[in-house]
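Enquirer: This is the structure I want to talk about, given as structure tokens.
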Amino acid sequence: MASLQKEASLDDMASLNVFGSSSILSNKDVTRLRCGGFVLALRFNHTMCDSPGLVLFLNAVADMAKGIDSPSPPPIWQRELMNAREPPRITYIHPEFEELYDAKSTLEVIDDIHTVHRSIFFGPKEITALKTRISRTHGPCTTYEAIAACVWRCRTVAFGLHPDELVRFSSAVNGRGKPGLQLPSGYYGNVFAYPAVPAKAGELCENPLGFAVGLVKKGKPEMIGEYLKSMAATMVMKGRCLYTAKGLFIISDNSRVGFQDVDFGWGKPLYGGIAKAMFLISFFMRFRNSKGDEGIVVPMCLPLPVMERFEEEVNRMIGEEANEVV
């Protein structure tokens, strides 16, 4: 059942990938199913909004679909709220924008055309297995930290990198509601940062999983408004720089954003979330598997030989019986 859902979602995405669509702000597609349900696929330019902002938009559409005159909260544009202050001032270190000069670097960005897409489901058994393994060498950790550390470590092992090659991990951190940042409740623009933490591939792969957990925690600084203002200043002073992609892996946790609660009048969705991963970026989404277990599904995008080694490493990490590849 899950594999059929995966294939359908990728087909829906392909239907949105029309010529010239990469430069437009957004486009939508609705596929009606014979059972009476439907699939809503949405493609948008990330300059418009982030995941919480997209959920605000979807809820606004859902309100109108149910006959409500105006959405609550009303949408707010006001992009100047996230501008760098004048004059710009950098108050934090932002390694995600620092260029890497690594003579041993082999992990380049790979186009999605040369990759395969698969998803890993982490249910209660898998999460318990990970936390039990981590507790042997590390203190308590959150579910996010456990899964993120496992996925990053297994992905790095699968690439078979030189032990001295530098890799980096970023958590996309939501800044809404954080101290020092006053935003209207209907603001749907981008309000997130992706601080990075570096490590040598050998240290990450040869140490216990608790070592990776420690790095994941280190890469999640206390998110306050000042951090976002400093990041904006960095981007201004470095000429609208992008994050350094070489050796980078980003995880965006969408499991509590609210995709699964959007209701257009026919009830909540069987699945709500991102359709697929990209080579550099993966996502956490809430999901119920065919057995009825609630958990986190993690889509991955990797070259086929790397994907096969990745799956083997995950199975070894949490035990083959505890892992389900969907």
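Residue numbering restarts at 1 in every chain; chains get A, B, ... in the order shown in the structure tokens, and ligands count up from 1 in that same order.
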Write out as an NGL selection string the residues lying within 6 Å of range 301-309 of chain A, counting only C-alpha atoms and excluding same-chain residues fewer than 4 positions away.
Expert: :A and (115-117 or 158-159 or 277-279)
Enquirer: Excluding range 149-156 of chain A and any residue of its chain fewer than 5 positions from it, enumerate the residues within 9 Å of it, using only C-alpha atoms, and give them as JSON, numbers by chain.
Expert: {"A": [130, 144, 161, 167, 169, 201, 204, 205, 209, 210, 211, 212, 213, 214, 215, 216, 249, 250, 251, 298, 302, 306, 307, 309, 310, 311, 312, 313, 314, 317]}
Enquirer: For the selection just defined, write its residues with C-alpha atoms to a file, as a PDB file, in the first residue's frame.
Expert:
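After the write, part.pdb holds the following:
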```pdb
ATOM      1  CA  LEU A 130      17.494   3.758  18.384  1.00  0.00           C
ATOM      2  CA  TYR A 144      14.133  14.016  16.248  1.00  0.00           C
ATOM      3  CA  LEU A 161      33.979   8.603   2.123  1.00  0.00           C
ATOM      4  CA  VAL A 167      30.720  16.501   6.065  1.00  0.00           C
ATOM      5  CA  PHE A 169      24.684  18.490   9.025  1.00  0.00           C
ATOM      6  CA  ALA A 201      33.465  11.298   8.001  1.00  0.00           C
ATOM      7  CA  LEU A 204      31.018  10.191  12.417  1.00  0.00           C
ATOM      8  CA  CYS A 205      31.040   6.652  11.008  1.00  0.00           C
ATOM      9  CA  LEU A 209      25.542   6.631  17.363  1.00  0.00           C
ATOM     10  CA  GLY A 210      25.597   8.814  20.487  1.00  0.00           C
ATOM     11  CA  PHE A 211      28.484  10.768  18.923  1.00  0.00           C
ATOM     12  CA  ALA A 212      26.239  11.739  15.995  1.00  0.00           C
ATOM     13  CA  VAL A 213      23.462  12.689  18.434  1.00  0.00           C
ATOM     14  CA  GLY A 214      25.859  15.054  20.178  1.00  0.00           C
ATOM     15  CA  LEU A 215      26.667  16.725  16.855  1.00  0.00           C
ATOM     16  CA  VAL A 216      22.981  17.066  15.975  1.00  0.00           C
ATOM     17  CA  PHE A 249      22.935  17.186   4.470  1.00  0.00           C
ATOM     18  CA  ILE A 250      19.839  19.053   5.706  1.00  0.00           C
ATOM     19  CA  ILE A 251      16.821  17.697   7.561  1.00  0.00           C
ATOM     20  CA  VAL A 298      11.751   9.960   6.056  1.00  0.00           C
ATOM     21  CA  LEU A 302      20.383   8.873  -3.315  1.00  0.00           C
ATOM     22  CA  VAL A 306      24.348   4.314  -2.186  1.00  0.00           C
ATOM     23  CA  MET A 307      20.653   3.833  -1.416  1.00  0.00           C
ATOM     24  CA  ARG A 309      24.043   0.499   1.283  1.00  0.00           C
ATOM     25  CA  PHE A 310      22.051   3.107   3.203  1.00  0.00           C
ATOM     26  CA  GLU A 311      19.154   0.699   3.708  1.00  0.00           C
ATOM     27  CA  GLU A 312      21.538  -2.043   4.834  1.00  0.00           C
ATOM     28  CA  GLU A 313      23.127   0.300   7.363  1.00  0.00           C
ATOM     29  CA  VAL A 314      19.747   1.403   8.751  1.00  0.00           C
ATOM     30  CA  MET A 317      21.432  -0.012  13.156  1.00  0.00           C
TER      31      MET A 317
END
```
Enquirer: Among range 130-311 of chain A, which residues does DSSP mark as helix (DSSP H, G or I) when it is run on the backbone? Keep the chain and numbering as in the structure and answer as a VMD selection string.
Expert: chain A and resid 130 to 135 143 to 159 201 to 206 209 to 218 225 to 237 259 to 261 304 to 311
Enquirer: Please give the complete set of residues from range 222-290 of chain A that DSSP, run on the backbone, assigns to strand (DSSP E or B), formatted as number ranges by chain.
Expert: A: 248-253, 281-288
Enquirer: Limited to N, CA, C and O atoms, could you put the picked residues into a file as a short mmCIF file (atom, residue, chain, number, x, y, z; two decimals), in the first residue's frame?
Expert:
```cif
data_model
loop_
_atom_site.label_atom_id
_atom_site.label_comp_id
_atom_site.auth_asym_id
_atom_site.auth_seq_id
_atom_site.Cartn_x
_atom_site.Cartn_y
_atom_site.Cartn_z
N LEU A 248 27.15 18.66 2.50
CA LEU A 248 26.07 19.06 3.40
C LEU A 248 24.88 18.11 3.30
O LEU A 248 24.57 17.59 2.23
N PHE A 249 24.21 17.90 4.43
CA PHE A 249 22.93 17.19 4.47
C PHE A 249 22.01 17.94 5.42
O PHE A 249 22.39 18.25 6.55
N ILE A 250 20.81 18.27 4.94
CA ILE A 250 19.84 19.05 5.71
C ILE A 250 18.62 18.20 6.00
O ILE A 250 18.13 17.47 5.13
N ILE A 251 18.10 18.31 7.22
CA ILE A 251 16.82 17.70 7.56
C ILE A 251 15.87 18.79 8.04
O ILE A 251 16.22 19.60 8.91
N SER A 252 14.68 18.79 7.47
CA SER A 252 13.62 19.71 7.88
C SER A 252 12.50 18.89 8.52
O SER A 252 11.90 18.03 7.86
N ASP A 253 12.24 19.15 9.79
CA ASP A 253 11.23 18.40 10.53
C ASP A 253 9.86 19.02 10.30
O ASP A 253 9.54 20.08 10.83
N ILE A 281 18.52 17.45 0.82
CA ILE A 281 17.53 17.73 1.86
C ILE A 281 16.55 16.57 2.00
O ILE A 281 16.03 16.05 1.01
N SER A 282 16.29 16.20 3.24
CA SER A 282 15.23 15.25 3.54
C SER A 282 14.28 15.86 4.57
O SER A 282 14.57 16.91 5.15
N PHE A 283 13.16 15.19 4.79
CA PHE A 283 12.10 15.73 5.63
C PHE A 283 11.56 14.67 6.56
O PHE A 283 11.58 13.48 6.24
N PHE A 284 11.08 15.09 7.71
CA PHE A 284 10.35 14.22 8.62
C PHE A 284 8.87 14.56 8.51
O PHE A 284 8.49 15.72 8.65
N MET A 285 8.03 13.55 8.27
CA MET A 285 6.59 13.74 8.23
C MET A 285 5.90 12.67 9.07
O MET A 285 6.38 11.54 9.16
N ARG A 286 4.77 13.03 9.63
CA ARG A 286 3.97 12.04 10.35
C ARG A 286 3.32 11.10 9.34
O ARG A 286 2.90 11.51 8.26
N PHE A 287 3.23 9.81 9.74
CA PHE A 287 2.71 8.82 8.81
C PHE A 287 2.18 7.63 9.60
O PHE A 287 2.71 7.28 10.65
N ARG A 288 1.11 7.03 9.08
CA ARG A 288 0.57 5.78 9.65
C ARG A 288 0.79 4.69 8.62
O ARG A 288 0.31 4.77 7.49
#
```
Enquirer: Write out as number ranges by chain the residues lying within 10 Å of range 76-78 of chain A, counting only C-alpha atoms and excluding same-chain residues fewer than 6 positions away.
Expert: A: 48, 183-189
Enquirer: Quick one: everything within 12 Å of range 51-58 of chain A, counting only C-alpha atoms, minus sequence neighbours fewer than 3 positions away in the same chain. Send it as a PyMOL selection string.
Expert: chain A and resi 26+28+40-48+61-65+71-77+172-177+184-192+252-264+272-274+283-285
Enquirer: For Leu228 in chain A, which of A:Pro208, A:Gly139, A:Pro88, A:Gly160 is the closest residue, counting only C-alpha atoms?
Expert: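 Under the stated criterion, the closest residue is A:Pro88.
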Enquirer: For Pro95 in chain A, list every protein, DNA or RNA residue within 10 Å, evaluated using only C-alpha atoms, and leave out those in the same chain fewer than 5 positions away; present the list as a ChimeraX atom specification.
Expert: /A:100,168,170,194-198,243-244
Enquirer: For CA of Thr143 in chain A and CA of Ala129 in chain A, quote the distance in Å rounded to one decimal.
Expert: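 According to the coordinates, CA of Thr143 in chain A and CA of Ala129 in chain A are separated by 11.2 Å.
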Enquirer: Nearest to Gly37 in chain A: which of A:Cys49, A:Ala148, A:Met237, A:Leu270 is it, counting only C-alpha atoms?
Expert: A:Leu270
